[in-house]
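Participant: Got a file for you: structure28.cif, mmCIF, C-alpha atoms.
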```
data_query
#
loop_
_atom_site.label_atom_id
_atom_site.label_comp_id
_atom_site.auth_asym_id
_atom_site.auth_seq_id
_atom_site.Cartn_x
_atom_site.Cartn_y
_atom_site.Cartn_z
CA MET A 1 -31.29 -77.48 7.02
CA GLU A 2 -34.34 -79.26 5.71
CA PHE A 3 -32.75 -79.37 2.26
CA LEU A 4 -30.04 -81.68 3.68
CA GLN A 5 -32.43 -84.02 5.49
CA PRO A 6 -32.72 -86.46 2.53
CA THR A 7 -28.91 -86.77 2.56
CA PHE A 8 -28.93 -87.23 6.32
CA ASP A 9 -31.64 -89.89 6.00
CA TRP A 10 -29.61 -91.66 3.31
CA LEU A 11 -26.59 -91.64 5.63
CA GLY A 12 -28.78 -93.14 8.36
CA THR A 13 -29.69 -96.09 6.14
CA SER A 14 -26.16 -96.54 4.80
CA TRP A 15 -23.77 -99.21 6.08
CA LEU A 16 -22.14 -96.55 8.26
CA GLY A 17 -25.44 -95.57 9.85
CA VAL A 18 -26.42 -99.15 10.51
CA ALA A 19 -22.98 -100.04 11.87
CA SER A 20 -22.79 -96.96 14.10
CA ARG A 21 -26.10 -97.94 15.73
CA GLU A 22 -25.45 -101.69 15.97
CA VAL A 23 -21.78 -101.76 16.99
CA SER A 24 -21.56 -100.10 20.39
CA TRP A 25 -17.96 -98.88 20.15
CA ILE A 26 -18.20 -97.11 16.77
CA PHE A 27 -19.89 -93.95 18.07
CA VAL A 28 -17.55 -93.76 21.06
CA ALA A 29 -14.54 -94.23 18.78
CA ALA A 30 -15.86 -91.49 16.48
CA GLU A 31 -16.16 -89.14 19.47
CA THR A 32 -12.58 -89.88 20.47
CA VAL A 33 -11.31 -89.37 16.93
CA HIS A 34 -13.38 -86.17 16.64
CA PHE A 35 -11.71 -84.80 19.76
CA ILE A 36 -8.26 -85.67 18.41
CA GLY A 37 -9.10 -83.96 15.11
CA LEU A 38 -10.37 -80.91 16.95
CA SER A 39 -7.17 -80.79 19.01
CA LEU A 40 -5.05 -80.91 15.85
CA LEU A 41 -7.19 -78.30 14.09
CA PHE A 42 -7.62 -75.82 16.92
CA GLY A 43 -4.12 -76.28 18.33
CA SER A 44 -2.64 -75.54 14.91
CA LEU A 45 -4.91 -72.55 14.41
CA LEU A 46 -3.88 -71.17 17.80
CA VAL A 47 -0.23 -71.20 16.72
CA ILE A 48 -0.96 -69.69 13.31
CA ASP A 49 -3.65 -67.17 14.23
CA LEU A 50 -2.08 -65.95 17.47
CA ARG A 51 1.17 -65.33 15.58
CA VAL A 52 -0.61 -63.46 12.81
CA VAL A 53 -2.72 -61.39 15.21
CA GLY A 54 0.46 -60.41 17.03
CA PHE A 55 0.05 -62.09 20.42
CA ALA A 56 2.85 -64.55 19.71
CA ARG A 57 5.43 -62.58 17.73
CA PHE A 58 8.16 -64.69 19.30
CA ILE A 59 7.04 -67.54 16.98
CA ASN A 60 8.77 -67.58 13.60
CA MET A 61 6.10 -66.97 10.95
CA GLN A 62 7.50 -69.60 8.58
CA ALA A 63 7.41 -72.14 11.41
CA ALA A 64 3.82 -71.15 12.22
CA MET A 65 2.78 -71.64 8.59
CA LYS A 66 4.07 -75.22 8.75
CA PHE A 67 1.06 -75.98 10.96
CA ILE A 68 -1.37 -75.41 8.08
CA PRO A 69 -1.21 -79.07 6.90
CA VAL A 70 -1.77 -80.23 10.49
CA ALA A 71 -4.89 -78.04 10.68
CA MET A 72 -6.10 -79.50 7.38
CA ILE A 73 -5.60 -83.05 8.66
CA GLY A 74 -7.50 -82.17 11.84
CA PHE A 75 -10.35 -80.73 9.77
CA ALA A 76 -10.49 -83.85 7.58
CA ILE A 77 -10.60 -86.08 10.67
CA ASN A 78 -13.47 -84.01 12.07
CA LEU A 79 -15.33 -84.10 8.78
CA LEU A 80 -15.18 -87.89 8.62
CA SER A 81 -16.03 -88.47 12.27
CA GLY A 82 -18.82 -85.87 12.03
CA ILE A 83 -20.36 -87.79 9.14
CA THR A 84 -20.40 -90.82 11.43
CA PHE A 85 -22.35 -88.84 14.03
CA ILE A 86 -24.95 -87.78 11.47
CA ALA A 87 -25.22 -91.32 10.11
CA SER A 88 -25.81 -92.71 13.60
CA ASN A 89 -28.87 -90.51 14.23
CA PRO A 90 -29.88 -88.31 11.27
CA GLU A 91 -33.16 -87.21 12.87
CA ARG A 92 -31.23 -85.63 15.73
CA TYR A 93 -28.81 -83.47 13.75
CA GLY A 94 -30.83 -81.94 10.91
CA PRO A 95 -33.35 -79.99 13.02
CA ASN A 96 -30.88 -79.11 15.80
CA ILE A 97 -30.37 -75.32 15.78
CA ALA A 98 -26.92 -75.55 17.40
CA PHE A 99 -25.85 -78.01 14.69
CA GLN A 100 -27.22 -75.71 11.97
CA TRP A 101 -25.34 -72.71 13.33
CA LYS A 102 -22.21 -74.80 13.80
CA MET A 103 -22.25 -75.98 10.19
CA GLY A 104 -22.93 -72.46 8.93
CA LEU A 105 -19.94 -71.17 10.87
CA VAL A 106 -17.76 -74.04 9.64
CA LEU A 107 -18.64 -72.99 6.09
CA ILE A 108 -17.73 -69.37 6.88
CA ALA A 109 -14.50 -70.57 8.53
CA GLY A 110 -13.68 -72.48 5.35
CA LEU A 111 -14.21 -69.38 3.23
CA ASN A 112 -12.08 -67.39 5.69
CA ALA A 113 -9.34 -70.04 5.40
CA LEU A 114 -9.45 -69.82 1.60
CA TRP A 115 -9.12 -66.03 1.84
CA PHE A 116 -6.15 -66.51 4.16
CA TRP A 117 -4.50 -69.08 1.88
CA PHE A 118 -4.96 -67.26 -1.41
CA GLY A 119 -4.74 -63.71 -0.10
CA GLU A 120 -2.29 -63.60 2.78
CA HIS A 121 -0.33 -66.83 3.14
CA LYS A 122 2.57 -66.04 0.80
CA GLU A 123 3.12 -62.52 2.16
CA LEU A 124 2.99 -63.76 5.74
CA SER A 125 5.53 -66.48 5.04
CA GLN A 126 8.01 -63.75 4.08
CA LEU A 127 7.79 -61.87 7.37
CA ALA A 128 10.95 -61.63 9.43
CA ASP A 129 11.08 -62.76 13.05
CA GLY A 130 8.95 -60.50 15.21
CA GLU A 131 7.65 -58.50 12.23
CA ASP A 132 4.00 -57.48 12.43
CA ALA A 133 1.42 -58.77 9.94
CA GLU A 134 -0.77 -56.41 7.95
CA PHE A 135 -4.13 -55.39 9.42
CA ARG A 136 -6.08 -57.41 6.84
CA ALA A 137 -4.26 -60.61 7.84
CA LYS A 138 -4.88 -59.85 11.52
CA VAL A 139 -8.60 -59.53 10.85
CA ILE A 140 -8.69 -62.87 9.03
CA ALA A 141 -6.80 -64.57 11.87
CA GLY A 142 -8.95 -62.97 14.56
CA VAL A 143 -12.14 -63.98 12.76
CA SER A 144 -10.76 -67.51 12.45
CA LEU A 145 -10.15 -67.77 16.20
CA LEU A 146 -13.56 -66.34 17.04
CA ILE A 147 -15.41 -68.63 14.65
CA TRP A 148 -13.69 -71.79 15.86
CA VAL A 149 -14.29 -70.94 19.53
CA VAL A 150 -18.00 -70.49 18.76
CA VAL A 151 -18.04 -73.73 16.71
CA ILE A 152 -16.62 -75.61 19.70
CA ILE A 153 -19.19 -74.04 22.04
CA LEU A 154 -22.05 -74.87 19.68
CA GLY A 155 -20.81 -78.45 19.43
CA ARG A 156 -21.06 -78.73 23.21
CA PHE A 157 -24.57 -77.15 23.16
CA MET A 158 -25.97 -79.61 20.63
CA PRO A 159 -27.23 -82.19 23.16
CA PHE A 160 -29.00 -79.47 25.16
CA VAL A 161 -30.97 -77.70 22.42
CA GLU A 162 -32.76 -80.62 20.81
#
```
Let me see whether you can do it: turn the structure in this file into structure tokens.
Facilitator:
Amino acid sequence: MEFLQPTFDWLGTSWLGVASREVSWIFVAAETVHFIGLSLLFGSLLVIDLRVVGFARFINMQAAMKFIPVAMIGFAINLLSGITFIASNPERYGPNIAFQWKMGLVLIAGLNALWFWFGEHKELSQLADGEDAEFRAKVIAGVSLLIWVVVIILGRFMPFVE
């Protein structure tokens, strides 16, 4: 991710970077907020994706789809708090292989989510209680779960692979 290092360095010299290094509680607050965002994002995706895959057919599909905005809010929270992490120590994140893989998978997860939204969302919302989703939708949901589990694991590995 060398191509992003100038942006990371700029973030490090920005007001956010300076504040996150000089005000002791900012980084800790960002970690707390990041965890809350992750809980919203992954918790929502568990409801949606497990229903689509077929493990939770007892959940009404229309009710499951109502968690999509919650997942989007969780993602936005993680994006903003993640920027704070990068700003606090840009030299640490850019070369970190776990961070690079994590961001690559987040990009793939975003593309997968777009495919879900534009390709499957409307059809899924029409399913009756207990009705099975099409195979294509199950693949998208399964890939989503797998990617986000790996993203979480990579996030935990980041301090150990510097």
Participant: Might you spell out which residues the PyMOL selection byres ((chain A and resi 88) around 8) would select in the displayed file, as number ranges by chain?
Facilitator: A: 12, 16-18, 20-21, 27, 84-87, 89-90
Participant: I need the output of the PyMOL selection byres ((chain A and resi 35) around 12) for this file as an MDAnalysis selection string; which residues are they?
Facilitator: chainID A and resid 28:34 36:43 74:75 77:79 81:82 152 155:156
Participant: Per residue of stretch 59-113 of chain A within 10 Å of stretch 128-149 of chain A, which atom pair is closest and at what distance in Å (one decimal), using all atoms listed in the file, listed by chain and increasing number, as JSON lines?
Facilitator:
```
{"residue": "A:Ile59", "atom": "CA", "partner": "A:Asp129", "partner_atom": "CA", "distance": 7.4}
{"residue": "A:Asn60", "atom": "CA", "partner": "A:Asp129", "partner_atom": "CA", "distance": 5.4}
{"residue": "A:Met61", "atom": "CA", "partner": "A:Asp129", "partner_atom": "CA", "distance": 6.9}
{"residue": "A:Gln62", "atom": "CA", "partner": "A:Ala128", "partner_atom": "CA", "distance": 8.7}
{"residue": "A:Lys102", "atom": "CA", "partner": "A:Ile147", "partner_atom": "CA", "distance": 9.2}
{"residue": "A:Leu105", "atom": "CA", "partner": "A:Ile147", "partner_atom": "CA", "distance": 6.4}
{"residue": "A:Val106", "atom": "CA", "partner": "A:Ile147", "partner_atom": "CA", "distance": 7.7}
{"residue": "A:Ile108", "atom": "CA", "partner": "A:Ile147", "partner_atom": "CA", "distance": 8.1}
{"residue": "A:Ala109", "atom": "CA", "partner": "A:Ser144", "partner_atom": "CA", "distance": 6.2}
{"residue": "A:Gly110", "atom": "CA", "partner": "A:Ser144", "partner_atom": "CA", "distance": 9.1}
{"residue": "A:Asn112", "atom": "CA", "partner": "A:Ile140", "partner_atom": "CA", "distance": 6.6}
{"residue": "A:Ala113", "atom": "CA", "partner": "A:Ser144", "partner_atom": "CA", "distance": 7.6}
```
Participant: Please, what distance in Å, to one decimal, runs between atom CA of A:Ala64 and atom CA of A:Gly104?
Facilitator: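 Taking atom CA of A:Ala64 and atom CA of A:Gly104, their separation equals 27.0 Å.
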Participant: So how far away is atom CA of A:Pro6 from atom CA of A:Leu111, in Å?
Facilitator: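 These atoms are spaced 25.2 Å apart.
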Participant: Work out how far atom CA of A:Ala71 is from atom CA of A:Trp15, in Å to one decimal.
Facilitator: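 Between these atoms lies a distance of 28.7 Å.
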Participant: Given 4 Å of margin on each side, can you work out the centre and size in Å (one decimal) of an axis-aligned box holding every listed atom of stretch 127-142 of chain A, as lines of an AutoDock Vina configuration file?
Facilitator:
```
center_x = 1.1
center_y = -60.0
center_z = 11.0
size_x = 28.0
size_y = 17.2
size_z = 16.4
```
Participant: Restricting the calculation to only C-alpha atoms, which member of A:Leu127, A:Ala76, A:Val161, A:Ile153 is positioned closest to A:Arg51?
Facilitator: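 Checking each of A:Leu127, A:Ala76, A:Val161, A:Ile153 against A:Arg51, counting only C-alpha atoms, the winner is A:Leu127.
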Participant: Just want the 12 Å neighbourhood of A:Met65, counted on only C-alpha atoms, with same-chain residues fewer than 2 positions away dropped. Output as a ChimeraX atom specification.
Facilitator: /A:44-52,59-63,67-72,116-117,120-127
Participant: Between A:Met158, A:Ile26, A:Ala19, A:Ile73, which has the minimum distance to A:Arg92 (counting all atoms listed in the file)?
Facilitator: A:Met158
Participant: Expand the PyMOL selection byres ((chain A and resi 95) around 12) into the explicit residue set it covers here, and present it as a list in words.
Facilitator: Met1, Glu2, Phe3, Leu4, Gln5, Phe8, Ile86, Asn89, Pro90, Glu91, Arg92, Tyr93, Gly94, Asn96, Ile97, Ala98, Phe99, Gln100, Trp101, Met158, Val161 and Glu162 of chain A
